$ cat input.tsv   # TSV, C-alpha atoms
chain	number	residue	atom	x	y	z
J	1	MET	CA	-15.16	39.01	16.25
J	2	SER	CA	-14.47	35.44	15.36
J	3	LEU	CA	-12.20	34.56	12.48
J	4	GLY	CA	-13.43	32.53	9.53
J	5	LEU	CA	-12.13	29.04	8.92
J	6	GLU	CA	-9.59	30.24	6.34
J	7	GLN	CA	-8.29	33.09	8.52
J	8	GLN	CA	-7.57	31.07	11.65
J	9	PRO	CA	-3.91	31.03	12.64
J	10	LEU	CA	-2.22	27.75	11.71
J	11	GLU	CA	-0.56	27.15	15.06
J	12	THR	CA	-0.83	23.40	14.69
J	13	GLY	CA	0.89	23.50	11.32
J	14	LEU	CA	-2.08	21.82	9.68
J	15	LYS	CA	-4.76	23.51	7.64
J	16	ALA	CA	-8.26	23.38	9.04
J	17	SER	CA	-10.86	21.08	7.46
J	18	GLY	CA	-9.73	17.62	8.18
J	19	GLU	CA	-6.02	17.20	7.45
J	20	LEU	CA	-5.40	15.95	10.98
J	21	GLY	CA	-8.47	13.73	10.66
J	22	VAL	CA	-7.02	12.11	7.52
J	23	PHE	CA	-3.72	11.47	9.27
J	24	VAL	CA	-5.46	9.96	12.33
J	25	PHE	CA	-7.49	7.75	9.97
J	26	LEU	CA	-4.32	6.65	8.16
J	27	VAL	CA	-2.69	5.82	11.52
J	28	SER	CA	-5.65	3.56	12.38
J	29	GLU	CA	-5.41	1.94	8.93
J	30	GLY	CA	-1.67	1.47	9.40
J	31	LEU	CA	-2.34	-0.34	12.68
J	32	LEU	CA	-4.95	-2.56	10.98
J	33	PHE	CA	-2.54	-3.66	8.26
J	34	GLY	CA	0.31	-3.78	10.79
J	35	ALA	CA	-1.65	-6.33	12.83
J	36	LEU	CA	-2.53	-8.40	9.75
J	37	ILE	CA	1.10	-8.43	8.56
J	38	LEU	CA	2.21	-9.35	12.09
J	39	GLY	CA	-0.14	-12.36	11.94
J	40	TYR	CA	1.50	-13.37	8.65
J	41	THR	CA	4.97	-12.90	10.19
J	42	VAL	CA	4.14	-15.08	13.19
J	43	LEU	CA	2.88	-17.88	10.92
J	44	ARG	CA	6.01	-17.59	8.77
J	45	LEU	CA	8.35	-17.75	11.78
J	46	SER	CA	6.83	-20.97	13.11
J	47	PRO	CA	9.72	-23.42	13.60
J	48	GLY	CA	10.12	-26.05	10.89
J	49	SER	CA	7.32	-24.59	8.84
J	50	ASP	CA	7.31	-24.55	5.03
J	51	PHE	CA	4.81	-21.69	5.19
J	52	ALA	CA	6.65	-19.44	2.71
J	53	GLY	CA	7.17	-22.33	0.27
J	54	ALA	CA	3.59	-21.88	-0.93
J	55	SER	CA	4.62	-18.50	-2.37
J	56	LYS	CA	6.03	-20.38	-5.39
J	57	GLU	CA	2.45	-21.06	-6.47
J	58	LEU	CA	1.75	-17.32	-6.97
J	59	SER	CA	2.38	-15.66	-10.32
J	60	LEU	CA	5.47	-13.45	-9.95
J	61	LEU	CA	4.76	-11.89	-13.36
J	62	LEU	CA	1.22	-10.79	-12.45
J	63	GLY	CA	2.32	-9.61	-8.99
J	64	THR	CA	5.09	-7.48	-10.52
J	65	LEU	CA	2.71	-6.14	-13.18
J	66	ASN	CA	0.18	-5.20	-10.50
J	67	THR	CA	2.88	-3.42	-8.48
J	68	CYS	CA	3.83	-1.35	-11.54
J	69	VAL	CA	0.15	-0.57	-12.21
J	70	LEU	CA	-0.35	0.68	-8.65
J	71	LEU	CA	2.85	2.77	-8.70
J	72	THR	CA	1.68	4.33	-11.98
J	73	SER	CA	-1.66	5.17	-10.34
J	74	SER	CA	0.28	6.88	-7.53
J	75	LEU	CA	2.06	9.03	-10.12
J	76	ALA	CA	-1.31	9.88	-11.71
J	77	VAL	CA	-2.90	10.93	-8.41
J	78	ALA	CA	0.20	12.95	-7.46
J	79	LEU	CA	-0.10	14.83	-10.76
J	80	ALA	CA	-3.84	15.28	-10.18
J	81	ALA	CA	-3.15	16.84	-6.77
J	82	MET	CA	-0.51	19.09	-8.36
J	83	TRP	CA	-2.91	20.29	-11.06
J	84	ALA	CA	-5.90	20.68	-8.72
J	85	ASP	CA	-5.12	24.30	-7.87
J	86	GLY	CA	-5.67	26.97	-10.48
J	87	GLU	CA	-6.55	26.68	-14.12
J	88	ARG	CA	-5.56	23.07	-14.72
J	89	ALA	CA	-8.49	21.54	-12.86
J	90	ASN	CA	-9.57	19.69	-16.00
J	91	TYR	CA	-6.15	18.01	-16.16
J	92	ALA	CA	-6.62	17.02	-12.54
J	93	ARG	CA	-9.99	15.43	-13.32
J	94	ILE	CA	-8.51	13.47	-16.23
J	95	ALA	CA	-5.66	12.30	-13.98
J	96	MET	CA	-8.21	11.17	-11.37
J	97	VAL	CA	-10.07	9.11	-13.99
J	98	VAL	CA	-6.72	7.58	-15.04
J	99	THR	CA	-5.99	6.81	-11.37
J	100	ALA	CA	-9.36	5.11	-10.90
J	101	GLY	CA	-8.87	3.23	-14.19
J	102	LEU	CA	-5.49	1.91	-13.07
J	103	GLY	CA	-7.08	0.88	-9.76
J	104	ILE	CA	-9.73	-1.07	-11.70
J	105	ILE	CA	-7.01	-2.71	-13.85
J	106	PHE	CA	-5.23	-3.72	-10.62
J	107	LEU	CA	-8.43	-5.31	-9.29
J	108	CYS	CA	-9.05	-7.12	-12.61
J	109	ILE	CA	-5.55	-8.63	-12.55
J	110	LYS	CA	-5.97	-9.55	-8.89
J	111	GLY	CA	-9.39	-11.06	-9.66
J	112	TYR	CA	-7.85	-13.14	-12.46
J	113	GLU	CA	-5.14	-14.33	-10.05
J	114	TRP	CA	-7.73	-15.35	-7.44
J	115	PHE	CA	-9.77	-17.14	-10.13
J	116	ASP	CA	-6.70	-18.97	-11.41
J	117	GLU	CA	-5.61	-19.93	-7.88
J	118	ALA	CA	-9.13	-21.12	-7.03
J	119	GLN	CA	-9.11	-23.28	-10.17
J	120	LYS	CA	-5.87	-24.87	-8.99
J	121	GLY	CA	-7.42	-25.54	-5.60
J	122	LEU	CA	-5.07	-23.16	-3.80
J	123	LEU	CA	-7.52	-20.80	-2.13
J	124	PRO	CA	-9.30	-21.73	1.10
J	125	PHE	CA	-12.68	-22.14	-0.56
J	126	ARG	CA	-11.58	-25.30	-2.29
J	127	ASP	CA	-10.19	-28.49	-0.82
J	128	MET	CA	-6.44	-28.69	-1.35
J	129	SER	CA	-5.89	-32.15	0.04
J	130	ASP	CA	-5.60	-33.68	-3.43
J	131	ARG	CA	-2.96	-31.14	-4.43
J	132	TYR	CA	-0.58	-31.58	-1.53
J	133	PRO	CA	-0.98	-35.23	-0.52
J	134	LYS	CA	2.59	-35.57	0.75
J	135	ALA	CA	3.78	-32.03	1.47
J	136	SER	CA	2.64	-29.97	4.42
J	137	PRO	CA	-0.79	-28.89	3.27
J	138	GLN	CA	-1.67	-27.24	6.58
J	139	GLU	CA	1.17	-24.73	6.26
J	140	HIS	CA	0.33	-24.03	2.64
J	141	ARG	CA	-3.30	-23.54	3.59
J	142	GLU	CA	-2.19	-21.08	6.27
J	143	PHE	CA	-0.18	-19.17	3.65
J	144	PHE	CA	-3.14	-18.92	1.31
J	145	ASP	CA	-5.46	-17.96	4.20
J	146	ALA	CA	-3.07	-15.11	5.03
J	147	TYR	CA	-2.70	-14.24	1.33
J	148	LEU	CA	-6.47	-14.01	0.86
J	149	VAL	CA	-6.98	-11.90	4.00
J	150	LEU	CA	-4.12	-9.50	3.16
J	151	THR	CA	-4.90	-9.05	-0.54
J	152	GLY	CA	-8.66	-9.03	0.14
J	153	THR	CA	-8.42	-6.28	2.78
J	154	HIS	CA	-6.12	-4.32	0.48
J	155	GLY	CA	-8.54	-4.82	-2.42
J	156	LEU	CA	-11.46	-3.51	-0.36
J	157	HIS	CA	-9.46	-0.39	0.44
J	158	LEU	CA	-8.70	0.03	-3.25
J	159	VAL	CA	-12.42	-0.21	-4.08
J	160	THR	CA	-13.00	2.64	-1.60
J	161	GLY	CA	-10.18	4.64	-3.22
J	162	ILE	CA	-11.62	4.11	-6.72
J	163	GLY	CA	-15.04	5.28	-5.48
J	164	LEU	CA	-13.41	8.32	-3.92
J	165	MET	CA	-11.60	9.25	-7.14
J	166	LEU	CA	-14.67	8.78	-9.36
J	167	GLY	CA	-16.89	10.60	-6.83
J	168	LEU	CA	-14.50	13.55	-6.72
J	169	THR	CA	-14.35	13.68	-10.53
J	170	VAL	CA	-18.13	13.66	-10.91
J	171	PHE	CA	-18.91	16.12	-8.08
J	172	TRP	CA	-15.84	18.34	-8.62
J	173	LYS	CA	-17.80	21.52	-9.35
J	174	ARG	CA	-20.18	21.02	-6.43
J	175	LEU	CA	-17.42	20.80	-3.83
J	176	VAL	CA	-16.55	23.86	-1.76
J	177	ARG	CA	-12.80	23.18	-1.84
J	178	PRO	CA	-12.25	20.47	-4.45
J	179	ALA	CA	-8.46	20.91	-4.62
J	180	HIS	CA	-8.09	20.44	-0.87
J	181	THR	CA	-10.44	17.42	-0.88
J	182	LEU	CA	-8.42	15.87	-3.71
J	183	LYS	CA	-5.18	16.33	-1.75
J	184	MET	CA	-6.74	14.48	1.21
J	185	ALA	CA	-7.97	11.69	-1.10
J	186	ALA	CA	-4.51	11.49	-2.67
J	187	LEU	CA	-3.00	10.83	0.77
J	188	TYR	CA	-5.33	7.84	1.13
J	189	TRP	CA	-4.45	6.55	-2.35
J	190	HIS	CA	-0.72	6.79	-1.65
J	191	PHE	CA	-1.28	4.95	1.64
J	192	ILE	CA	-2.95	2.05	-0.25
J	193	ASP	CA	0.09	2.02	-2.54
J	194	VAL	CA	2.49	1.90	0.43
J	195	ILE	CA	0.61	-1.09	1.88
J	196	TRP	CA	1.00	-2.97	-1.43
J	197	VAL	CA	4.71	-2.07	-1.50
J	198	PHE	CA	5.05	-4.21	1.65
J	199	LEU	CA	2.55	-6.94	0.69
J	200	PHE	CA	4.24	-7.62	-2.67
J	201	PRO	CA	7.62	-8.85	-1.31
J	202	LEU	CA	5.97	-10.58	1.66
J	203	LEU	CA	3.64	-12.65	-0.51
J	204	TYR	CA	5.34	-12.99	-3.90
J	205	LEU	CA	9.07	-12.81	-3.23
J	206	VAL	CA	9.64	-15.36	-0.47
J	207	ARG	CA	10.11	-18.27	-2.87
F	1	MET	CA	6.56	21.76	-4.19
F	2	LEU	CA	5.98	18.84	-6.55
F	3	THR	CA	6.88	19.36	-10.21
F	4	ILE	CA	6.18	17.07	-13.16
F	5	ARG	CA	9.92	16.40	-13.41
F	6	SER	CA	10.31	15.37	-9.76
F	7	ALA	CA	7.12	13.26	-9.93
F	8	VAL	CA	8.31	11.39	-13.04
F	9	LEU	CA	11.84	10.92	-11.63
F	10	THR	CA	10.33	9.50	-8.42
F	11	TYR	CA	8.16	7.16	-10.49
F	12	VAL	CA	11.16	5.94	-12.51
F	13	ALA	CA	13.09	5.37	-9.26
F	14	LEU	CA	10.15	3.36	-7.87
F	15	ILE	CA	9.99	1.15	-10.98
F	16	VAL	CA	13.76	0.59	-10.83
F	17	LEU	CA	13.37	-0.46	-7.17
F	18	VAL	CA	10.59	-2.90	-8.15
F	19	LEU	CA	12.87	-4.45	-10.78
F	20	LEU	CA	15.72	-4.61	-8.24
F	21	THR	CA	13.59	-6.34	-5.63
F	22	VAL	CA	12.23	-8.86	-8.18
F	23	GLY	CA	15.74	-9.45	-9.55
F	24	SER	CA	17.13	-10.06	-6.06
F	25	THR	CA	14.81	-13.05	-5.60
F	26	PHE	CA	16.80	-14.93	-8.28
F	27	ILE	CA	20.00	-14.61	-6.22
F	28	PRO	CA	19.78	-17.10	-3.35
F	29	MET	CA	20.83	-15.30	-0.16
F	30	GLY	CA	18.71	-17.08	2.45
F	31	VAL	CA	17.46	-14.63	5.05
F	32	GLY	CA	19.33	-11.93	3.11
F	33	ASN	CA	16.62	-12.02	0.42
F	34	SER	CA	13.95	-11.00	2.92
F	35	LEU	CA	16.18	-8.28	4.37
F	36	VAL	CA	16.93	-6.86	0.90
F	37	ASN	CA	13.22	-6.95	0.03
F	38	LEU	CA	12.33	-5.20	3.29
F	39	ALA	CA	15.02	-2.53	2.77
F	40	ILE	CA	13.77	-1.85	-0.77
F	41	ALA	CA	10.16	-1.67	0.48
F	42	VAL	CA	11.23	0.90	3.10
F	43	ALA	CA	13.09	2.88	0.41
F	44	LYS	CA	10.00	2.86	-1.82
F	45	THR	CA	7.83	3.98	1.11
F	46	ALA	CA	10.27	6.80	1.88
F	47	LEU	CA	10.12	7.98	-1.75
F	48	ILE	CA	6.32	7.88	-1.89
F	49	GLY	CA	6.05	9.59	1.51
F	50	ALA	CA	8.66	12.27	0.88
F	51	ILE	CA	7.77	13.20	-2.69
F	52	PHE	CA	4.20	12.14	-3.46
F	53	MET	CA	2.74	12.71	0.03
F	54	HIS	CA	4.78	15.89	0.66
F	55	LEU	CA	6.11	14.57	3.97
F	56	ARG	CA	9.76	15.55	3.45
F	57	LYS	CA	9.28	18.38	5.93
F	58	PRO	CA	6.12	17.24	7.71
F	59	LEU	CA	3.99	19.73	9.59
F	60	PRO	CA	3.93	19.19	13.40
F	61	LEU	CA	0.68	17.23	13.72
F	62	ALA	CA	1.42	15.14	10.62
F	63	ALA	CA	4.85	14.29	12.05
F	64	MET	CA	3.23	13.40	15.38
F	65	SER	CA	0.73	11.10	13.62
F	66	ILE	CA	3.54	9.26	11.83
F	67	PHE	CA	5.49	9.00	15.10
F	68	VAL	CA	2.42	7.59	16.90
F	69	LEU	CA	1.95	4.97	14.15
F	70	LEU	CA	5.61	3.91	14.26
F	71	PHE	CA	5.57	3.86	18.08
F	72	TRP	CA	2.56	1.51	18.29
F	73	LEU	CA	3.89	-0.68	15.48
F	74	CYS	CA	7.21	-0.97	17.34
F	75	LEU	CA	5.37	-1.99	20.51
F	76	MET	CA	3.19	-4.52	18.66
F	77	TYR	CA	6.06	-6.09	16.70
F	78	GLY	CA	8.59	-5.74	19.51
F	79	PHE	CA	6.58	-7.59	22.16
F	80	THR	CA	5.31	-10.28	19.78
F	81	LEU	CA	8.64	-11.05	18.12
F	82	ASN	CA	10.45	-10.86	21.45
F	83	ASP	CA	8.23	-13.72	22.57
F	84	TYR	CA	9.15	-15.72	19.45
F	85	ALA	CA	12.87	-14.97	19.67
F	86	THR	CA	13.19	-16.12	23.30
F	87	ARG	CA	11.27	-19.40	23.12
$ encode --input "input.tsv" --output "structure tokens"
Amino acid sequence: MSLGLEQQPLETGLKASGELGVFVFLVSEGLLFGALILGYTVLRLSPGSDFAGASKELSLLLGTLNTCVLLTSSLAVALAAMWADGERANYARIAMVVTAGLGIIFLCIKGYEWFDEAQKGLLPFRDMSDRYPKASPQEHREFFDAYLVLTGTHGLHLVTGIGLMLGLTVFWKRLVRPAHTLKMAALYWHFIDVIWVFLFPLLYLVR
Amino acid sequence: MLTIRSAVLTYVALIVLVLLTVGSTFIPMGVGNSLVNLAIAVAKTALIGAIFMHLRKPLPLAAMSIFVLLFWLCLMYGFTLNDYATR
């Protein structure tokens, strides 16, 4: 007689239904961001380069605000995962909406930053030659190329996370094991937060 | 087991670390600034991992996944930066 999914012995230490899969996925994501941050590091270590000097052009206030917003969303999703089991499922759903809302606020602030930087001619899709006629525009362009790639890739992951949170909230009652699914989604959300924890000092605090 | 108290305390600690890392940028320390920022980022990651992600006592396959990630990152960064450091 074969055992059901729930009755299988947990010899691996992980519950069945995808916990290992989530961790393997997060490892691959960690390597993706690791490679991107390594590219940034190599550019920054170039001898005689004023690469990091371009960081002064970023808004420290908005970067700090965004960091606090994302950390608050991590608290919200941690509480959601805590409330997911048992009778507080409605609290969990509210916390997931709050998490998604904070993610959207993060993207709005980031979008405003990109818009503002584009207006100043700092982002790669506008010519910067008139802004840095005497400095080292090539190095500053490299910084903003790296900035756009790093924050853009992070932003795309956040969009996925927001979709995940809203999808879980809407289809909560249709899921077979909603609490477990939420805990897996929460791991992904915390991972996005951890990536930003490293991007923030690398991009905003090297002035 | 996560409680509301431990979650909120972790959150407060994370915000304090953000303020510390931002504050440290106004004290000119040269390379020290980057090292302080990196150390604070690692501390924040440890807090998020240990408390929010429940990885304080990771289960065997979760621990192996984290080890695999750190191993490949060490290889990637080690070989690349070794090239830069010895030029």
$ residues_near_point --input "input.tsv" --point "(3.2, 18.5, -6.0)" --cutoff "9 Å" --atoms "only C-alpha atoms" --output "ChimeraX atom specification"
/J:78-83 /F:1-4,6-7,51-54
$ write_last_selection --input "input.tsv" --atoms "C-alpha atoms" --output "CSV table (one decimal), in the coordinates of the input"
chain,number,residue,atom,x,y,z
J,78,ALA,CA,0.2,13.0,-7.5
J,79,LEU,CA,-0.1,14.8,-10.8
J,80,ALA,CA,-3.8,15.3,-10.2
J,81,ALA,CA,-3.2,16.8,-6.8
J,82,MET,CA,-0.5,19.1,-8.4
J,83,TRP,CA,-2.9,20.3,-11.1
F,1,MET,CA,6.6,21.8,-4.2
F,2,LEU,CA,6.0,18.8,-6.6
F,3,THR,CA,6.9,19.4,-10.2
F,4,ILE,CA,6.2,17.1,-13.2
F,6,SER,CA,10.3,15.4,-9.8
F,7,ALA,CA,7.1,13.3,-9.9
F,51,ILE,CA,7.8,13.2,-2.7
F,52,PHE,CA,4.2,12.1,-3.5
F,53,MET,CA,2.7,12.7,0.0
F,54,HIS,CA,4.8,15.9,0.7
$ residues_around --input "input.tsv" --residues "range 30-44 of chain F" --least-positions-apart "3" --cutoff "8 Å" --atoms "all atoms listed in the file" --output "PDB file with C-alpha atoms, keeping the file's coordinate frame"
ATOM      1  CA  VAL J 194       2.490   1.900   0.430  1.00  0.00           C
ATOM      2  CA  VAL J 197       4.710  -2.070  -1.500  1.00  0.00           C
ATOM      3  CA  PHE J 198       5.050  -4.210   1.650  1.00  0.00           C
ATOM      4  CA  PRO J 201       7.620  -8.850  -1.310  1.00  0.00           C
ATOM      5  CA  LEU J 205       9.070 -12.810  -3.230  1.00  0.00           C
ATOM      6  CA  VAL J 206       9.640 -15.360  -0.470  1.00  0.00           C
TER       7      VAL J 206
ATOM      8  CA  LEU F  14      10.150   3.360  -7.870  1.00  0.00           C
ATOM      9  CA  LEU F  17      13.370  -0.460  -7.170  1.00  0.00           C
ATOM     10  CA  THR F  21      13.590  -6.340  -5.630  1.00  0.00           C
ATOM     11  CA  SER F  24      17.130 -10.060  -6.060  1.00  0.00           C
ATOM     12  CA  THR F  25      14.810 -13.050  -5.600  1.00  0.00           C
ATOM     13  CA  ILE F  27      20.000 -14.610  -6.220  1.00  0.00           C
ATOM     14  CA  LEU F  47      10.120   7.980  -1.750  1.00  0.00           C
ATOM     15  CA  ILE F  48       6.320   7.880  -1.890  1.00  0.00           C
TER      16      ILE F  48
END
$ closest_atom_pairs --input "input.tsv" --of "chain J" --to "chain F" --cutoff "8 Å" --atoms "only C-alpha atoms" --output "tab-separated table"
residue	atom	partner	partner_atom	distance
J:Thr12	CA	F:Leu61	CA	6.4
J:Gly13	CA	F:Leu59	CA	5.2
J:Leu14	CA	F:Leu59	CA	6.4
J:Leu20	CA	F:Leu61	CA	6.8
J:Phe23	CA	F:Ser65	CA	6.2
J:Val24	CA	F:Ser65	CA	6.4
J:Val27	CA	F:Leu69	CA	5.4
J:Ser28	CA	F:Leu69	CA	7.9
J:Gly30	CA	F:Leu69	CA	6.9
J:Leu31	CA	F:Leu73	CA	6.8
J:Gly34	CA	F:Leu73	CA	6.7
J:Ala35	CA	F:Met76	CA	7.8
J:Leu38	CA	F:Tyr77	CA	6.8
J:Val42	CA	F:Leu81	CA	7.8
J:Leu45	CA	F:Tyr84	CA	8.0
J:Thr64	CA	F:Val18	CA	7.5
J:Thr67	CA	F:Val18	CA	7.7
J:Cys68	CA	F:Ile15	CA	6.7
J:Leu71	CA	F:Tyr11	CA	7.1
J:Thr72	CA	F:Tyr11	CA	7.2
J:Ser74	CA	F:Phe52	CA	7.7
J:Leu75	CA	F:Tyr11	CA	6.4
J:Ala78	CA	F:Phe52	CA	5.7
J:Leu79	CA	F:Ile4	CA	7.1
J:Met82	CA	F:Leu2	CA	6.7
J:Ala186	CA	F:Met53	CA	7.8
J:Leu187	CA	F:Met53	CA	6.1
J:His190	CA	F:Met53	CA	7.1
J:Val194	CA	F:Thr45	CA	5.8
J:Val197	CA	F:Ala41	CA	5.8
J:Phe198	CA	F:Ala41	CA	5.8
J:Pro201	CA	F:Asn37	CA	6.1
J:Leu205	CA	F:Thr25	CA	6.2
J:Val206	CA	F:Ser34	CA	7.0
J:Arg207	CA	F:Thr25	CA	7.5
$ atom_distance --input "input.tsv" --atom1 "CA of Asp85 in chain J" --atom2 "CA of Leu158 in chain J"
25.0 Å
$ residues_near_point --input "input.tsv" --point "(-4.0, 1.7, -14.3)" --cutoff "10 Å" --atoms "only C-alpha atoms" --output "ChimeraX atom specification"
/J:66,68-74,76,97-107
$ atom_distance --input "input.tsv" --atom1 "CA of Gly48 in chain J" --atom2 "CA of His140 in chain J"
13.0 Å
$ atom_distance --input "input.tsv" --atom1 "CA of Ala89 in chain J" --atom2 "CA of Tyr188 in chain J"
19.8 Å
$ residues_around --input "input.tsv" --residues "His157 in chain J" --least-positions-apart "5" --cutoff "10 Å" --atoms "only C-alpha atoms" --output "PyMOL selection string"
chain J and resi 29+151-152+162-163+188-189+191-192
$ axis_aligned_box --input "input.tsv" --around "range 73-86 of chain F" --padding-each-side "3 Å" --output "AutoDock Vina command-line options"
--center_x 8.2 --center_y -8.4 --center_z 19.4 --size_x 16.0 --size_y 21.4 --size_z 13.8
